[in-house]
$ cat input07.csv   # CSV, C-alpha atoms
chain,number,residue,atom,x,y,z
A,1,MET,CA,-7.6,71.8,12.3
A,2,VAL,CA,-5.5,68.7,11.8
A,3,ALA,CA,-6.2,68.8,8.0
A,4,GLU,CA,-5.2,72.5,7.9
A,5,ASP,CA,-2.0,71.8,9.7
A,6,LEU,CA,-1.2,69.0,7.3
A,7,LYS,CA,-1.8,71.3,4.4
A,8,LYS,CA,0.8,73.7,5.8
A,9,PHE,CA,3.4,71.0,6.1
A,10,ASN,CA,2.9,69.4,2.7
A,11,SER,CA,6.2,68.3,1.2
A,12,PRO,CA,7.4,70.9,-1.4
A,13,VAL,CA,6.9,70.0,-5.0
A,14,PHE,CA,9.7,70.3,-7.6
A,15,PRO,CA,9.0,73.4,-9.8
A,16,PHE,CA,7.5,72.5,-13.3
A,17,THR,CA,9.7,75.2,-15.0
A,18,ALA,CA,12.8,73.6,-13.5
A,19,ILE,CA,12.3,70.2,-15.1
A,20,VAL,CA,15.0,69.4,-17.6
A,21,GLY,CA,14.0,67.9,-21.0
A,22,GLN,CA,10.9,65.7,-21.5
A,23,GLU,CA,9.4,68.4,-23.7
A,24,GLU,CA,6.9,66.1,-25.2
A,25,MET,CA,5.3,65.1,-21.9
A,26,LYS,CA,5.4,68.7,-20.6
A,27,LEU,CA,3.6,70.0,-23.8
A,28,ALA,CA,0.9,67.3,-23.7
A,29,LEU,CA,0.2,68.1,-20.0
A,30,GLN,CA,0.0,71.9,-20.6
A,31,LEU,CA,-2.3,71.5,-23.6
A,32,ASN,CA,-4.7,69.2,-21.6
A,33,VAL,CA,-4.8,71.7,-18.8
A,34,ILE,CA,-5.7,74.5,-21.4
A,35,ASP,CA,-8.4,72.3,-22.9
A,36,PRO,CA,-9.4,69.2,-20.8
A,37,LYS,CA,-11.7,68.1,-23.7
A,38,ILE,CA,-8.6,66.9,-25.5
A,39,GLY,CA,-9.1,63.7,-23.4
A,40,GLY,CA,-6.1,63.2,-21.2
A,41,VAL,CA,-2.5,62.0,-21.7
A,42,MET,CA,-1.0,58.5,-21.7
A,43,ILE,CA,2.7,58.7,-20.8
A,44,MET,CA,4.7,55.7,-21.7
A,45,GLY,CA,8.4,55.5,-20.7
A,46,ASP,CA,11.2,53.9,-18.8
A,47,ARG,CA,11.2,53.7,-15.0
A,48,GLY,CA,12.7,56.7,-13.2
A,49,THR,CA,12.3,59.2,-16.0
A,50,GLY,CA,10.4,61.8,-13.9
A,51,LYS,CA,6.8,60.9,-14.9
A,52,SER,CA,5.3,61.3,-11.5
A,53,THR,CA,7.5,64.3,-10.6
A,54,THR,CA,6.3,66.2,-13.8
A,55,ILE,CA,2.6,65.4,-13.2
A,56,ARG,CA,2.7,66.6,-9.6
A,57,ALA,CA,4.6,69.7,-10.7
A,58,ILE,CA,1.9,70.7,-13.2
A,59,ALA,CA,-0.8,70.3,-10.6
A,60,ASP,CA,1.2,72.4,-8.2
A,61,LEU,CA,1.8,75.1,-10.8
A,62,LEU,CA,-1.9,75.7,-11.7
A,63,PRO,CA,-3.8,78.6,-10.1
A,64,GLU,CA,-6.2,78.0,-7.2
A,65,ILE,CA,-9.9,77.4,-8.0
A,66,GLU,CA,-13.0,78.7,-6.2
A,67,VAL,CA,-15.2,76.0,-4.7
A,68,VAL,CA,-18.3,75.8,-2.6
A,69,LYS,CA,-17.1,75.3,1.0
A,70,ASP,CA,-17.3,71.7,2.5
A,71,ASP,CA,-18.7,70.3,-0.8
A,72,PRO,CA,-17.4,66.8,-1.6
A,73,PHE,CA,-17.5,67.5,-5.4
A,74,ASN,CA,-15.5,70.8,-5.5
A,75,SER,CA,-18.6,72.3,-6.9
A,76,HIS,CA,-18.4,75.6,-9.0
A,77,LYS,CA,-20.7,78.3,-7.6
A,78,SER,CA,-22.3,79.2,-11.0
A,79,ASP,CA,-21.4,76.5,-13.6
A,80,LEU,CA,-24.2,73.9,-13.6
A,81,ASP,CA,-22.0,71.3,-15.3
A,82,LEU,CA,-19.5,71.5,-12.4
A,83,MET,CA,-21.8,71.4,-9.4
A,84,GLY,CA,-23.4,68.6,-7.3
A,85,ASN,CA,-27.1,68.3,-6.8
A,86,GLU,CA,-27.1,69.7,-3.2
A,87,VAL,CA,-25.4,72.9,-4.5
A,88,LYS,CA,-27.9,73.1,-7.4
A,89,GLU,CA,-30.8,72.8,-5.0
A,90,ALA,CA,-29.4,75.5,-2.7
A,91,ILE,CA,-29.0,77.9,-5.6
A,92,GLN,CA,-32.6,77.2,-6.8
A,93,ASN,CA,-33.8,77.9,-3.3
A,94,GLY,CA,-32.0,81.2,-3.3
A,95,GLU,CA,-29.6,80.3,-0.5
A,96,SER,CA,-26.2,82.1,-0.3
A,97,LEU,CA,-23.2,79.8,-0.6
A,98,GLU,CA,-19.9,80.2,1.1
A,99,THR,CA,-16.9,79.6,-1.1
A,100,GLU,CA,-13.2,79.1,-0.6
A,101,LEU,CA,-10.1,78.9,-2.7
A,102,ILE,CA,-8.3,75.6,-2.9
A,103,LYS,CA,-5.3,74.2,-4.9
A,104,ILE,CA,-6.3,72.2,-8.0
A,105,PRO,CA,-7.2,68.7,-6.8
A,106,MET,CA,-4.6,66.1,-7.7
A,107,VAL,CA,-5.8,62.6,-7.0
A,108,ASP,CA,-3.6,59.5,-7.2
A,109,LEU,CA,-5.4,56.3,-8.0
A,110,PRO,CA,-3.8,53.4,-6.2
A,111,LEU,CA,-3.3,50.2,-8.2
A,112,GLY,CA,-5.4,48.1,-5.9
A,113,ALA,CA,-8.4,50.4,-5.9
A,114,THR,CA,-11.9,48.9,-6.1
A,115,GLU,CA,-14.8,50.1,-8.2
A,116,ASP,CA,-16.5,51.4,-5.0
A,117,ARG,CA,-13.4,53.3,-4.0
A,118,VAL,CA,-13.2,54.9,-7.5
A,119,CYS,CA,-16.9,55.7,-8.1
A,120,GLY,CA,-18.3,56.0,-4.6
A,121,THR,CA,-21.0,53.9,-2.8
A,122,ILE,CA,-24.6,54.3,-1.9
A,123,ASP,CA,-25.7,53.4,1.6
A,124,ILE,CA,-28.7,51.2,0.8
A,125,GLU,CA,-29.6,50.7,4.5
A,126,LYS,CA,-29.9,54.4,5.1
A,127,ALA,CA,-31.8,54.9,1.8
A,128,LEU,CA,-34.4,52.3,2.9
A,129,THR,CA,-34.7,53.3,6.5
A,130,ASP,CA,-34.5,57.1,6.3
A,131,GLY,CA,-35.6,57.5,2.7
A,132,VAL,CA,-32.5,59.6,1.8
A,133,LYS,CA,-29.9,59.0,-0.9
A,134,ALA,CA,-26.8,58.5,1.3
A,135,PHE,CA,-23.8,58.7,-1.0
A,136,GLU,CA,-20.2,58.2,0.1
A,137,PRO,CA,-18.2,60.0,-2.6
A,138,GLY,CA,-15.2,58.2,-4.3
A,139,LEU,CA,-12.0,59.3,-6.0
A,140,LEU,CA,-13.9,60.6,-9.1
A,141,ALA,CA,-15.8,63.1,-6.9
A,142,LYS,CA,-12.5,64.3,-5.3
A,143,ALA,CA,-10.9,64.7,-8.8
A,144,ASN,CA,-13.7,67.0,-10.2
A,145,ARG,CA,-12.1,70.1,-11.7
A,146,GLY,CA,-8.6,68.7,-11.1
A,147,LEU,CA,-6.2,66.0,-12.3
A,148,LEU,CA,-6.6,62.2,-11.8
A,149,TYR,CA,-3.3,60.4,-12.1
A,150,VAL,CA,-3.0,56.6,-12.6
A,151,ASP,CA,0.5,55.2,-12.4
A,152,GLU,CA,1.0,51.8,-14.1
A,153,VAL,CA,-2.3,52.3,-15.9
A,154,ASN,CA,-1.4,49.3,-18.1
A,155,LEU,CA,-1.6,47.1,-14.9
A,156,LEU,CA,-5.0,48.4,-13.8
A,157,ASP,CA,-8.1,46.3,-14.3
A,158,ASP,CA,-9.6,46.9,-17.8
A,159,HIS,CA,-13.1,47.7,-16.5
A,160,LEU,CA,-11.8,50.3,-14.1
A,161,VAL,CA,-9.8,52.0,-16.9
A,162,ASP,CA,-13.1,52.0,-18.9
A,163,ILE,CA,-14.9,53.7,-16.0
A,164,LEU,CA,-12.2,56.4,-15.8
A,165,LEU,CA,-12.2,57.0,-19.5
A,166,ASP,CA,-16.1,57.2,-19.6
A,167,SER,CA,-16.1,59.8,-16.8
A,168,ALA,CA,-13.2,61.8,-18.3
A,169,ALA,CA,-15.1,61.9,-21.7
A,170,SER,CA,-18.6,62.8,-20.3
A,171,GLY,CA,-17.6,64.8,-17.3
A,172,TRP,CA,-20.1,62.9,-15.1
A,173,ASN,CA,-20.0,59.8,-12.9
A,174,THR,CA,-23.2,57.7,-12.4
A,175,VAL,CA,-23.5,55.2,-9.5
A,176,GLU,CA,-26.4,52.8,-9.6
A,177,ARG,CA,-27.3,50.2,-7.0
A,178,GLU,CA,-30.6,48.4,-6.1
A,179,GLY,CA,-32.6,50.8,-8.2
A,180,ILE,CA,-31.1,53.9,-6.7
A,181,SER,CA,-29.1,56.2,-9.0
A,182,ILE,CA,-26.8,59.1,-8.2
A,183,ARG,CA,-25.0,61.3,-10.7
A,184,HIS,CA,-22.3,63.8,-10.0
A,185,PRO,CA,-19.9,66.0,-12.0
A,186,ALA,CA,-16.4,64.4,-12.6
A,187,ARG,CA,-14.6,66.7,-15.0
A,188,PHE,CA,-10.9,66.1,-14.8
A,189,VAL,CA,-7.7,65.7,-16.8
A,190,LEU,CA,-6.9,62.0,-16.9
A,191,VAL,CA,-3.2,61.3,-16.9
A,192,GLY,CA,-2.0,57.7,-17.1
A,193,SER,CA,1.6,56.5,-17.1
A,194,GLY,CA,3.2,53.1,-17.6
A,195,ASN,CA,6.3,51.2,-18.6
A,196,PRO,CA,5.8,49.4,-22.0
A,197,GLU,CA,7.9,46.5,-20.7
A,198,GLU,CA,5.1,45.6,-18.3
A,199,GLY,CA,2.5,45.2,-21.0
A,200,GLU,CA,0.6,47.4,-23.4
A,201,LEU,CA,-2.9,48.8,-22.8
A,202,ARG,CA,-5.7,47.3,-25.0
A,203,PRO,CA,-5.9,49.2,-28.3
A,204,GLN,CA,-9.6,50.3,-27.7
A,205,LEU,CA,-8.6,51.8,-24.3
A,206,LEU,CA,-5.4,53.4,-25.7
A,207,ASP,CA,-7.4,55.0,-28.5
A,208,ARG,CA,-9.6,56.8,-25.9
A,209,PHE,CA,-6.6,58.8,-24.4
A,210,GLY,CA,-6.4,62.1,-26.3
A,211,MET,CA,-2.6,62.2,-26.4
A,212,HIS,CA,0.3,59.7,-26.1
A,213,ALA,CA,3.7,60.9,-25.0
A,214,GLU,CA,6.8,58.7,-25.1
A,215,ILE,CA,9.7,59.4,-22.9
A,216,ARG,CA,13.2,57.9,-22.9
A,217,THR,CA,16.0,57.9,-20.4
A,218,VAL,CA,18.5,60.7,-21.0
A,219,LYS,CA,21.6,59.2,-22.6
A,220,ASP,CA,23.9,62.3,-22.5
A,221,PRO,CA,26.2,61.9,-19.4
A,222,LEU,CA,26.5,65.7,-18.8
A,223,LEU,CA,22.7,66.1,-18.8
A,224,ARG,CA,22.3,63.1,-16.5
A,225,VAL,CA,24.8,64.7,-14.0
A,226,LYS,CA,22.9,68.0,-14.2
A,227,VAL,CA,19.5,66.3,-13.4
A,228,VAL,CA,21.0,64.4,-10.5
A,229,GLU,CA,22.7,67.5,-9.1
A,230,GLU,CA,19.5,69.6,-9.4
A,231,ARG,CA,17.4,67.0,-7.7
A,232,THR,CA,19.9,66.5,-4.8
A,233,SER,CA,20.1,70.3,-4.4
A,234,PHE,CA,16.3,70.6,-4.3
A,235,ASP,CA,15.9,67.9,-1.7
A,236,GLN,CA,18.5,69.7,0.5
A,237,THR,CA,17.2,73.3,0.1
A,238,PRO,CA,13.6,73.2,-1.4
A,239,GLN,CA,12.7,76.7,-0.3
A,240,VAL,CA,15.6,78.3,-2.2
A,241,TRP,CA,14.6,76.5,-5.3
A,242,LEU,CA,10.9,77.5,-5.0
A,243,ASP,CA,12.0,81.1,-4.5
A,244,ASN,CA,14.4,81.1,-7.4
A,245,TYR,CA,11.7,79.7,-9.8
A,246,ALA,CA,8.7,81.7,-8.4
A,247,GLU,CA,8.8,84.2,-11.2
A,248,GLN,CA,9.0,81.7,-14.0
A,249,GLN,CA,6.2,79.6,-12.4
A,250,GLN,CA,4.0,82.7,-12.2
A,251,GLU,CA,4.7,83.6,-15.8
A,252,LEU,CA,3.8,80.1,-17.0
A,253,ARG,CA,0.7,80.1,-14.8
A,254,ASP,CA,-0.5,83.4,-16.3
A,255,ARG,CA,0.3,82.1,-19.8
A,256,ILE,CA,-1.9,79.0,-19.2
A,257,VAL,CA,-4.8,81.1,-17.8
A,258,ALA,CA,-4.5,83.5,-20.8
A,259,ALA,CA,-4.6,80.6,-23.2
A,260,GLN,CA,-7.7,79.1,-21.5
A,261,THR,CA,-9.5,82.5,-21.9
A,262,LEU,CA,-8.4,82.9,-25.6
A,263,LEU,CA,-9.2,79.3,-26.6
A,264,PRO,CA,-12.9,79.8,-27.6
A,265,ASN,CA,-11.8,82.5,-30.1
A,266,VAL,CA,-9.2,80.4,-31.9
A,267,GLU,CA,-10.0,79.4,-35.5
A,268,LEU,CA,-8.8,76.5,-37.6
A,269,ASP,CA,-9.0,77.0,-41.4
A,270,TYR,CA,-11.2,74.6,-43.4
A,271,ASP,CA,-8.3,73.6,-45.7
A,272,LEU,CA,-6.1,72.7,-42.7
A,273,ARG,CA,-8.9,70.6,-41.2
A,274,ILE,CA,-9.2,68.8,-44.5
A,275,LYS,CA,-5.5,68.0,-44.5
A,276,ILE,CA,-5.6,66.8,-40.9
A,277,SER,CA,-8.4,64.4,-41.8
A,278,GLU,CA,-6.4,63.3,-44.9
A,279,VAL,CA,-3.4,62.4,-42.6
A,280,CYS,CA,-5.8,60.3,-40.4
A,281,SER,CA,-7.3,58.6,-43.5
A,282,ARG,CA,-3.9,57.8,-45.0
A,283,LEU,CA,-2.7,56.4,-41.7
A,284,ASP,CA,-5.8,54.2,-41.6
A,285,VAL,CA,-6.9,55.5,-38.2
A,286,ASP,CA,-10.1,53.9,-37.0
A,287,GLY,CA,-13.0,56.2,-36.2
A,288,LEU,CA,-12.9,60.0,-36.0
A,289,ARG,CA,-11.4,60.5,-32.5
A,290,GLY,CA,-8.0,61.2,-34.1
A,291,ASP,CA,-9.4,64.0,-36.2
A,292,ILE,CA,-11.3,65.6,-33.3
A,293,VAL,CA,-8.4,65.5,-30.9
A,294,THR,CA,-5.9,66.8,-33.4
A,295,ASN,CA,-8.2,69.8,-34.1
A,296,ARG,CA,-8.6,70.5,-30.4
A,297,ALA,CA,-4.9,70.2,-29.6
A,298,ALA,CA,-3.9,72.4,-32.5
A,299,LYS,CA,-6.2,75.2,-31.2
A,300,ALA,CA,-4.9,74.8,-27.7
A,301,HIS,CA,-1.3,75.1,-29.0
A,302,ALA,CA,-2.2,78.3,-30.9
A,303,ALA,CA,-3.9,79.7,-27.7
A,304,TYR,CA,-0.8,78.8,-25.7
A,305,HIS,CA,1.3,80.9,-28.1
A,306,ASN,CA,-1.3,83.8,-27.9
A,307,ARG,CA,-2.6,83.4,-31.4
A,308,THR,CA,-6.3,83.3,-32.6
A,309,LYS,CA,-5.5,81.4,-35.8
A,310,VAL,CA,-4.0,77.9,-36.0
A,311,THR,CA,-0.8,77.7,-38.1
A,312,LEU,CA,1.0,74.8,-39.8
A,313,ASP,CA,3.6,74.8,-37.0
A,314,ASP,CA,0.8,74.3,-34.4
A,315,ILE,CA,-0.3,71.1,-36.2
A,316,ALA,CA,3.3,69.9,-36.7
A,317,GLN,CA,4.0,70.2,-33.0
A,318,ILE,CA,1.0,68.1,-31.8
A,319,ILE,CA,0.0,65.7,-34.6
A,320,THR,CA,2.4,62.9,-33.6
A,321,LEU,CA,1.2,63.1,-29.9
A,322,CYS,CA,-2.4,62.8,-31.0
A,323,LEU,CA,-2.1,60.0,-33.6
A,324,ARG,CA,0.8,57.7,-32.8
A,325,HIS,CA,-1.2,55.4,-30.5
A,326,ARG,CA,-4.1,55.1,-32.9
A,327,LEU,CA,-2.2,53.3,-35.6
A,328,ARG,CA,-2.8,49.6,-36.1
A,329,LYS,CA,0.2,47.5,-34.8
A,330,ASP,CA,2.0,45.7,-37.6
A,331,PRO,CA,4.6,43.3,-36.1
A,332,LEU,CA,6.6,43.4,-39.4
A,333,GLU,CA,6.7,47.2,-39.5
A,334,SER,CA,10.2,48.5,-38.8
A,335,ILE,CA,9.3,52.2,-38.7
A,336,ASP,CA,8.2,53.7,-35.3
A,337,SER,CA,4.6,54.8,-35.3
A,338,GLY,CA,5.6,58.4,-34.4
A,339,ASP,CA,8.0,58.5,-37.3
A,340,LYS,CA,5.2,57.1,-39.6
A,341,VAL,CA,2.8,59.9,-38.5
A,342,SER,CA,5.5,62.5,-39.1
A,343,LYS,CA,6.4,61.1,-42.5
A,344,VAL,CA,2.7,61.1,-43.7
A,345,PHE,CA,2.1,64.6,-42.2
A,346,LYS,CA,5.1,66.0,-44.2
A,347,GLU,CA,3.9,64.4,-47.5
A,348,ILE,CA,0.3,65.7,-47.2
A,349,PHE,CA,1.2,69.2,-46.0
A,350,GLU,CA,4.0,69.2,-48.6
A,351,ILE,CA,6.8,70.0,-46.1
A,352,GLU,CA,10.3,69.3,-47.5
A,353,GLU,CA,12.7,67.4,-45.2
$ encode --input "input07.csv" --output "structure tokens"
Amino acid sequence: MVAEDLKKFNSPVFPFTAIVGQEEMKLALQLNVIDPKIGGVMIMGDRGTGKSTTIRAIADLLPEIEVVKDDPFNSHKSDLDLMGNEVKEAIQNGESLETELIKIPMVDLPLGATEDRVCGTIDIEKALTDGVKAFEPGLLAKANRGLLYVDEVNLLDDHLVDILLDSAASGWNTVEREGISIRHPARFVLVGSGNPEEGELRPQLLDRFGMHAEIRTVKDPLLRVKVVEERTSFDQTPQVWLDNYAEQQQELRDRIVAAQTLLPNVELDYDLRIKISEVCSRLDVDGLRGDIVTNRAAKAHAAYHNRTKVTLDDIAQIITLCLRHRLRKDPLESIDSGDKVSKVFKEIFEIEE
């Protein structure tokens, strides 16, 4: 009962559709929600630019999901890739399962988290004495079918970042200890944020994030005043704000759900795929992850705009987000990596300035 009471009194979340500016970050988050296989978003930017606010807002915007009641993995009632072993066994035995609707899980990973806290632990004593696999689920279990947010990801231990990226890419988490192995679904959108002044992420880890959004502090005094006034007004009368934006929130929610449904039918022409790979090749991007992510993001962008065919504009909107963090760093290079991607894209796709 206490948990339910707490749910009722959760602090209100600033509406996603009310956020001013930061279009790059908002687009990257929406596309990852439409297609989680894009591989997550790394958001780099100055302190106090609304990174956490925006991430919490998109989680709050998303529709509720149906889960098996009292299941620690938020298991789906019919999709085998999204259910834990106990639910699978119950279905195989013909048992009926009770389900409930919950808000999309949004898990915050604390900076000091240990590997056990993230992955979960196996109770060896119970396993040896009772002969049962006693598993204490971690944050990855909680994040299944939701979002996992890591603030200051560049300060997190490298091997923990590696575990998160492995789970995000495969959709599964495996915990092994003393010859006992447990595997459970961990399909989530990984969102990392950080301030570049506090150190960069290692290139091989950075490359595994699907998209990389850069955000800057707003310089226009009028816009700054608008943001401050709106935030102050929301803090004083949150319910008025939520009521005012309810319609816009519902429109965007419907649009994202429609895009998720349309996505499998979206096509990307062969000649456009060739040109995307040509851009990656010209930019000397290591591996093929850049090509794959750009193809996926372009399809998600087309679906978001209710189209079944990818256009040149879809690719133009997302290619910088998908490739800027995959370029080799040259300390003598004066041009920004995002501008470099844009320049090569225009040359290959023959777009005039």
$ closest_residue --input "input07.csv" --among "A:Ile102, A:Leu312, A:Val118, A:Leu140" --to "His159 (chain A)" --atoms "only C-alpha atoms"
A:Val118
$ closest_residue --input "input07.csv" --among "A:Gly84, A:Glu198, A:Leu156, A:Thr99" --to "Gly45 (chain A)" --atoms "all atoms listed in the file"
A:Glu198
$ atom_distance --input "input07.csv" --atom1 "CA of Gly48 (chain A)" --atom2 "CA of Val227 (chain A)"
11.8 Å
$ closest_residue --input "input07.csv" --among "A:Asp284, A:Glu214, A:Asp151, A:Glu267" --to "Arg307 (chain A)" --atoms "all atoms listed in the file"
A:Glu267
$ closest_residue --input "input07.csv" --among "A:Leu29, A:Val87, A:Val310, A:Val344" --to "Ile43 (chain A)" --atoms "all atoms listed in the file"
A:Leu29
$ atom_distance --input "input07.csv" --atom1 "CA of Arg187 (chain A)" --atom2 "CA of Ala143 (chain A)"
7.5 Å
$ residues_near_point --input "input07.csv" --point "(-24.1, 51.1, 2.5)" --cutoff "6 Å" --atoms "all atoms listed in the file" --output "JSON, numbers by chain"
{"A": [122, 123, 124, 125]}
$ residues_around --input "input07.csv" --residues "Ala213 (chain A)" --least-positions-apart "4" --cutoff "10 Å" --atoms "only C-alpha atoms" --output "ChimeraX atom specification"
/A:22-29,41-45,193,320-322,324-325,338
$ residues_around --input "input07.csv" --residues "Leu61 (chain A)" --least-positions-apart "3" --cutoff "9 Å" --atoms "only C-alpha atoms" --output "PyMOL selection string"
chain A and resi 15-17+56-58+249-250+252-253
$ closest_residue --input "input07.csv" --among "A:Arg224, A:His212, A:His305, A:Lys219" --to "Ile256 (chain A)" --atoms "only C-alpha atoms"
A:His305
$ atom_distance --input "input07.csv" --atom1 "CA of Tyr304 (chain A)" --atom2 "CA of Leu323 (chain A)"
20.4 Å
$ closest_residue --input "input07.csv" --among "A:Ile65, A:Leu165, A:Ala186, A:Leu283" --to "Lys103 (chain A)" --atoms "all atoms listed in the file"
A:Ile65
$ residues_around --input "input07.csv" --residues "Glu347 (chain A)" --least-positions-apart "6" --cutoff "12 Å" --atoms "only C-alpha atoms" --output "list of chain:residue names"
A:Lys275, A:Ile276, A:Glu278, A:Val279, A:Arg282, A:Leu283, A:Lys340, A:Val341, A:Glu353
$ residues_around --input "input07.csv" --residues "Pro72 (chain A)" --least-positions-apart "2" --cutoff "12 Å" --atoms "only C-alpha atoms" --output "short mmCIF file (atom, residue, chain, number, x, y, z; two decimals) with C-alpha atoms, keeping the file's coordinate frame"
data_model
loop_
_atom_site.label_atom_id
_atom_site.label_comp_id
_atom_site.auth_asym_id
_atom_site.auth_seq_id
_atom_site.Cartn_x
_atom_site.Cartn_y
_atom_site.Cartn_z
CA VAL A 67 -15.20 76.00 -4.70
CA VAL A 68 -18.30 75.80 -2.60
CA LYS A 69 -17.10 75.30 1.00
CA ASP A 70 -17.30 71.70 2.50
CA ASN A 74 -15.50 70.80 -5.50
CA SER A 75 -18.60 72.30 -6.90
CA HIS A 76 -18.40 75.60 -9.00
CA LEU A 82 -19.50 71.50 -12.40
CA MET A 83 -21.80 71.40 -9.40
CA GLY A 84 -23.40 68.60 -7.30
CA ASN A 85 -27.10 68.30 -6.80
CA GLU A 86 -27.10 69.70 -3.20
CA VAL A 87 -25.40 72.90 -4.50
CA PRO A 105 -7.20 68.70 -6.80
CA GLY A 120 -18.30 56.00 -4.60
CA PHE A 135 -23.80 58.70 -1.00
CA GLU A 136 -20.20 58.20 0.10
CA PRO A 137 -18.20 60.00 -2.60
CA GLY A 138 -15.20 58.20 -4.30
CA LEU A 139 -12.00 59.30 -6.00
CA LEU A 140 -13.90 60.60 -9.10
CA ALA A 141 -15.80 63.10 -6.90
CA LYS A 142 -12.50 64.30 -5.30
CA ALA A 143 -10.90 64.70 -8.80
CA ASN A 144 -13.70 67.00 -10.20
CA ARG A 145 -12.10 70.10 -11.70
CA HIS A 184 -22.30 63.80 -10.00
CA PRO A 185 -19.90 66.00 -12.00
CA ALA A 186 -16.40 64.40 -12.60
#
$ residues_around --input "input07.csv" --residues "Pro238 (chain A)" --least-positions-apart "3" --cutoff "9 Å" --atoms "only C-alpha atoms" --output "PyMOL selection string"
chain A and resi 12-14+233-235+241-243
$ write_last_selection --input "input07.csv" --atoms "C-alpha atoms" --output "CSV table (one decimal), in the coordinates of the input"
chain,number,residue,atom,x,y,z
A,12,PRO,CA,7.4,70.9,-1.4
A,13,VAL,CA,6.9,70.0,-5.0
A,14,PHE,CA,9.7,70.3,-7.6
A,233,SER,CA,20.1,70.3,-4.4
A,234,PHE,CA,16.3,70.6,-4.3
A,235,ASP,CA,15.9,67.9,-1.7
A,241,TRP,CA,14.6,76.5,-5.3
A,242,LEU,CA,10.9,77.5,-5.0
A,243,ASP,CA,12.0,81.1,-4.5
$ decode --input "input07.csv" --residues "region 239-251 of chain A" --atoms "N, CA, C and O atoms" --output "PDB file, in the first residue's frame"
ATOM      1  N   GLN A 239       0.183  21.594 -11.889  1.00  0.00           N
ATOM      2  CA  GLN A 239      -1.028  20.988 -12.443  1.00  0.00           C
ATOM      3  C   GLN A 239      -1.589  21.805 -13.605  1.00  0.00           C
ATOM      4  O   GLN A 239      -2.071  21.254 -14.597  1.00  0.00           O
ATOM      5  N   VAL A 240      -1.502  23.136 -13.496  1.00  0.00           N
ATOM      6  CA  VAL A 240      -1.976  24.021 -14.581  1.00  0.00           C
ATOM      7  C   VAL A 240      -1.184  23.733 -15.852  1.00  0.00           C
ATOM      8  O   VAL A 240      -1.737  23.625 -16.950  1.00  0.00           O
ATOM      9  N   TRP A 241       0.127  23.572 -15.681  1.00  0.00           N
ATOM     10  CA  TRP A 241       0.990  23.276 -16.835  1.00  0.00           C
ATOM     11  C   TRP A 241       0.643  21.930 -17.451  1.00  0.00           C
ATOM     12  O   TRP A 241       0.549  21.806 -18.669  1.00  0.00           O
ATOM     13  N   LEU A 242       0.477  20.933 -16.595  1.00  0.00           N
ATOM     14  CA  LEU A 242       0.171  19.586 -17.100  1.00  0.00           C
ATOM     15  C   LEU A 242      -1.158  19.585 -17.852  1.00  0.00           C
ATOM     16  O   LEU A 242      -1.287  18.942 -18.899  1.00  0.00           O
ATOM     17  N   ASP A 243      -2.136  20.347 -17.350  1.00  0.00           N
ATOM     18  CA  ASP A 243      -3.436  20.437 -18.027  1.00  0.00           C
ATOM     19  C   ASP A 243      -3.317  21.153 -19.367  1.00  0.00           C
ATOM     20  O   ASP A 243      -3.897  20.742 -20.369  1.00  0.00           O
ATOM     21  N   ASN A 244      -2.523  22.244 -19.382  1.00  0.00           N
ATOM     22  CA  ASN A 244      -2.357  23.037 -20.610  1.00  0.00           C
ATOM     23  C   ASN A 244      -1.687  22.248 -21.726  1.00  0.00           C
ATOM     24  O   ASN A 244      -1.965  22.448 -22.905  1.00  0.00           O
ATOM     25  N   TYR A 245      -0.766  21.353 -21.328  1.00  0.00           N
ATOM     26  CA  TYR A 245       0.003  20.615 -22.340  1.00  0.00           C
ATOM     27  C   TYR A 245      -0.518  19.197 -22.570  1.00  0.00           C
ATOM     28  O   TYR A 245       0.059  18.443 -23.342  1.00  0.00           O
ATOM     29  N   ALA A 246      -1.612  18.835 -21.890  1.00  0.00           N
ATOM     30  CA  ALA A 246      -2.120  17.454 -21.983  1.00  0.00           C
ATOM     31  C   ALA A 246      -2.410  17.038 -23.427  1.00  0.00           C
ATOM     32  O   ALA A 246      -2.078  15.937 -23.866  1.00  0.00           O
ATOM     33  N   GLU A 247      -3.019  17.957 -24.186  1.00  0.00           N
ATOM     34  CA  GLU A 247      -3.395  17.636 -25.574  1.00  0.00           C
ATOM     35  C   GLU A 247      -2.164  17.425 -26.449  1.00  0.00           C
ATOM     36  O   GLU A 247      -2.082  16.459 -27.217  1.00  0.00           O
ATOM     37  N   GLN A 248      -1.169  18.341 -26.322  1.00  0.00           N
ATOM     38  CA  GLN A 248       0.063  18.214 -27.113  1.00  0.00           C
ATOM     39  C   GLN A 248       0.823  16.945 -26.738  1.00  0.00           C
ATOM     40  O   GLN A 248       1.385  16.267 -27.601  1.00  0.00           O
ATOM     41  N   GLN A 249       0.837  16.622 -25.444  1.00  0.00           N
ATOM     42  CA  GLN A 249       1.515  15.414 -24.976  1.00  0.00           C
ATOM     43  C   GLN A 249       0.865  14.168 -25.597  1.00  0.00           C
ATOM     44  O   GLN A 249       1.550  13.266 -26.071  1.00  0.00           O
ATOM     45  N   GLN A 250      -0.474  14.163 -25.617  1.00  0.00           N
ATOM     46  CA  GLN A 250      -1.204  13.014 -26.168  1.00  0.00           C
ATOM     47  C   GLN A 250      -0.957  12.880 -27.671  1.00  0.00           C
ATOM     48  O   GLN A 250      -0.780  11.770 -28.192  1.00  0.00           O
ATOM     49  N   GLU A 251      -0.900  14.019 -28.376  1.00  0.00           N
ATOM     50  CA  GLU A 251      -0.631  14.007 -29.826  1.00  0.00           C
ATOM     51  C   GLU A 251       0.726  13.381 -30.118  1.00  0.00           C
ATOM     52  O   GLU A 251       0.874  12.554 -31.008  1.00  0.00           O
TER      53      GLU A 251
END
